[in-house]
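Structure data (mmCIF, C-alpha atoms) from input30.cif:
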data_target
loop_
_atom_site.label_atom_id
_atom_site.label_comp_id
_atom_site.auth_asym_id
_atom_site.auth_seq_id
_atom_site.Cartn_x
_atom_site.Cartn_y
_atom_site.Cartn_z
CA MET A 898 36.10 -23.06 -5.55
CA SER A 899 35.78 -20.17 -7.99
CA ASP A 900 37.81 -17.01 -8.00
CA PHE A 901 36.46 -13.48 -7.61
CA PHE A 902 36.63 -12.74 -11.34
CA SER A 903 34.60 -15.82 -12.28
CA THR A 904 32.01 -14.93 -9.66
CA MET A 905 31.71 -11.39 -11.05
CA VAL A 906 31.40 -12.66 -14.63
CA ASP A 907 28.63 -15.05 -13.54
CA MET A 908 26.87 -12.21 -11.71
CA GLN A 909 27.05 -9.98 -14.81
CA ARG A 910 25.60 -12.80 -16.93
CA GLU A 911 22.72 -13.16 -14.48
CA ILE A 912 22.09 -9.40 -14.55
CA LEU A 913 22.07 -9.47 -18.37
CA ARG A 914 19.61 -12.41 -18.34
CA ALA A 915 17.32 -10.48 -15.98
CA GLN A 916 17.50 -7.34 -18.14
CA LYS A 917 16.70 -9.35 -21.27
CA ALA A 918 13.71 -10.86 -19.50
CA GLN A 919 12.54 -7.33 -18.60
CA LEU A 920 12.92 -6.16 -22.19
CA ASP A 921 11.06 -9.21 -23.49
CA ALA A 922 8.21 -8.58 -21.04
CA ALA A 923 8.07 -4.91 -22.02
CA GLN A 924 7.93 -5.84 -25.71
CA ARG A 925 5.05 -8.25 -25.05
CA GLY A 926 3.27 -5.43 -23.22
CA LEU A 927 3.78 -3.07 -26.15
CA ASP A 928 2.54 -5.69 -28.60
CA LEU A 929 -0.54 -6.27 -26.46
CA SER A 930 -1.16 -2.53 -26.23
CA ALA A 931 -1.04 -2.25 -30.01
CA GLN A 932 -3.56 -5.07 -30.33
CA ILE A 933 -5.85 -3.42 -27.77
CA ALA A 934 -5.63 -0.08 -29.60
CA ALA A 935 -6.49 -1.79 -32.90
CA ALA A 936 -9.46 -3.55 -31.28
CA GLN A 937 -10.68 -0.24 -29.82
CA GLU A 938 -10.44 1.42 -33.23
CA VAL A 939 -12.42 -1.37 -34.90
CA THR A 940 -15.01 -1.28 -32.10
CA HIS A 941 -15.35 2.49 -32.48
CA LYS A 942 -15.89 2.16 -36.24
CA ALA A 943 -18.47 -0.58 -35.68
CA ALA A 944 -20.33 1.59 -33.18
CA GLU A 945 -20.39 4.48 -35.66
CA ALA A 946 -21.69 2.17 -38.40
CA ASN A 947 -24.35 0.81 -36.04
CA LEU A 948 -25.47 4.35 -35.14
CA LYS A 949 -25.63 5.27 -38.83
CA ALA A 950 -27.72 2.16 -39.55
CA TRP A 951 -30.14 2.94 -36.70
CA LYS A 952 -30.50 6.53 -37.89
CA ALA A 953 -31.22 5.33 -41.44
CA TRP A 954 -33.78 2.82 -40.15
CA ALA A 955 -35.45 5.47 -37.97
CA SER A 956 -35.52 7.89 -40.89
CA LEU A 957 -37.15 5.22 -43.04
CA TRP A 958 -39.99 5.01 -40.52
CA GLY A 959 -40.22 8.76 -40.08
CA TRP A 960 -38.59 8.87 -36.65
CA LYS A 961 -35.88 11.41 -36.12
#

Give the structure from the file, written as structure tokens.
Amino acid sequence: MSDFFSTMVDMQREILRAQKAQLDAAQRGLDLSAQIAAAQEVTHKAAEANLKAWKAWASLWGWK
């Protein structure tokens, strides 16, 4: 049988474990968000390059 103090220490450890798990999950979310933002930036640049290429091709054929 454990005493009150030991029970409270165990409870605090469990709370700290849960908080660490929350922080770890939040960090993974932030990391994923950064990757998504980078992918969006690259996609945007690719779309701009594609538009520029189509405009150049159309200009070559006299279409504007």

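Separating CA of Ala936 in chain A from CA of Leu920 in chain A is a distance of 24.3 Å.
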
Work out how far apart CA of Trp958 in chain A and CA of Ala943 in chain A are and give it in Å to one decimal.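 Here the two named atoms are 22.8 Å from each other.
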
Name the residues in contact with Trp951 in chain A at a cut-off of 12 Å, using only C-alpha atoms, excluding same-chain residues fewer than 6 positions from it; report them as a VMD selection string. chain A and resid 944 to 945 957 to 958 960 to 961

Could you work out how far CA of Thr940 in chain A lies from CA of Ala953 in chain A, giving the answer in Å with one decimal? 19.8 Å

I need range 932-955 of chain A from the structure I supplied, saved as a short mmCIF file (atom, residue, chain, number, x, y, z; two decimals), in the first residue's frame with N, CA, C and O atoms retained.
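Okay, decode_0.cif is ready:
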data_model
loop_
_atom_site.label_atom_id
_atom_site.label_comp_id
_atom_site.auth_asym_id
_atom_site.auth_seq_id
_atom_site.Cartn_x
_atom_site.Cartn_y
_atom_site.Cartn_z
N GLN A 932 6.74 21.73 -43.74
CA GLN A 932 6.91 20.96 -44.98
C GLN A 932 5.81 21.29 -45.98
O GLN A 932 6.07 21.40 -47.19
N ILE A 933 4.58 21.44 -45.50
CA ILE A 933 3.46 21.78 -46.39
C ILE A 933 3.68 23.16 -47.00
O ILE A 933 3.47 23.37 -48.20
N ALA A 934 4.12 24.12 -46.17
CA ALA A 934 4.37 25.47 -46.68
C ALA A 934 5.47 25.46 -47.74
O ALA A 934 5.36 26.14 -48.77
N ALA A 935 6.52 24.68 -47.51
CA ALA A 935 7.60 24.58 -48.50
C ALA A 935 7.10 23.96 -49.79
O ALA A 935 7.44 24.42 -50.89
N ALA A 936 6.26 22.93 -49.68
CA ALA A 936 5.70 22.29 -50.88
C ALA A 936 4.80 23.27 -51.64
O ALA A 936 4.83 23.31 -52.88
N GLN A 937 4.02 24.06 -50.91
CA GLN A 937 3.17 25.05 -51.57
C GLN A 937 4.00 26.09 -52.30
O GLN A 937 3.66 26.51 -53.41
N GLU A 938 5.09 26.52 -51.69
CA GLU A 938 5.96 27.51 -52.33
C GLU A 938 6.56 26.96 -53.62
O GLU A 938 6.57 27.63 -54.66
N VAL A 939 7.04 25.73 -53.56
CA VAL A 939 7.63 25.10 -54.75
C VAL A 939 6.57 24.92 -55.83
O VAL A 939 6.83 25.17 -57.01
N THR A 940 5.38 24.51 -55.44
CA THR A 940 4.29 24.33 -56.40
C THR A 940 3.93 25.66 -57.06
O THR A 940 3.69 25.72 -58.27
N HIS A 941 3.90 26.73 -56.26
CA HIS A 941 3.58 28.05 -56.79
C HIS A 941 4.64 28.48 -57.82
O HIS A 941 4.30 28.97 -58.90
N LYS A 942 5.91 28.26 -57.49
CA LYS A 942 6.98 28.62 -58.41
C LYS A 942 6.90 27.79 -59.70
O LYS A 942 7.13 28.31 -60.79
N ALA A 943 6.55 26.52 -59.56
CA ALA A 943 6.42 25.67 -60.75
C ALA A 943 5.26 26.14 -61.63
O ALA A 943 5.38 26.15 -62.86
N ALA A 944 4.16 26.54 -61.00
CA ALA A 944 3.02 27.04 -61.76
C ALA A 944 3.39 28.32 -62.51
O ALA A 944 3.00 28.51 -63.68
N GLU A 945 4.13 29.20 -61.84
CA GLU A 945 4.56 30.44 -62.51
C GLU A 945 5.48 30.12 -63.69
O GLU A 945 5.36 30.73 -64.76
N ALA A 946 6.39 29.18 -63.50
CA ALA A 946 7.30 28.80 -64.59
C ALA A 946 6.52 28.17 -65.74
O ALA A 946 6.81 28.44 -66.92
N ASN A 947 5.52 27.36 -65.42
CA ASN A 947 4.70 26.73 -66.45
C ASN A 947 3.94 27.79 -67.25
O ASN A 947 3.87 27.72 -68.49
N LEU A 948 3.37 28.77 -66.55
CA LEU A 948 2.65 29.86 -67.22
C LEU A 948 3.60 30.64 -68.14
O LEU A 948 3.24 30.95 -69.28
N LYS A 949 4.79 30.92 -67.64
CA LYS A 949 5.78 31.65 -68.45
C LYS A 949 6.14 30.84 -69.70
O LYS A 949 6.26 31.39 -70.80
N ALA A 950 6.30 29.54 -69.55
CA ALA A 950 6.63 28.68 -70.70
C ALA A 950 5.49 28.68 -71.71
O ALA A 950 5.74 28.77 -72.92
N TRP A 951 4.23 28.57 -71.24
CA TRP A 951 3.10 28.58 -72.15
C TRP A 951 2.99 29.92 -72.89
O TRP A 951 2.71 29.96 -74.08
N LYS A 952 3.24 31.00 -72.17
CA LYS A 952 3.19 32.33 -72.81
C LYS A 952 4.28 32.45 -73.88
O LYS A 952 4.04 33.00 -74.96
N ALA A 953 5.48 31.94 -73.58
CA ALA A 953 6.56 31.99 -74.56
C ALA A 953 6.22 31.14 -75.78
O ALA A 953 6.46 31.56 -76.92
N TRP A 954 5.65 29.96 -75.55
CA TRP A 954 5.27 29.08 -76.65
C TRP A 954 4.19 29.74 -77.50
O TRP A 954 4.25 29.72 -78.74
N ALA A 955 3.19 30.33 -76.84
CA ALA A 955 2.11 31.00 -77.58
C ALA A 955 2.64 32.18 -78.37
O ALA A 955 2.21 32.41 -79.51
#
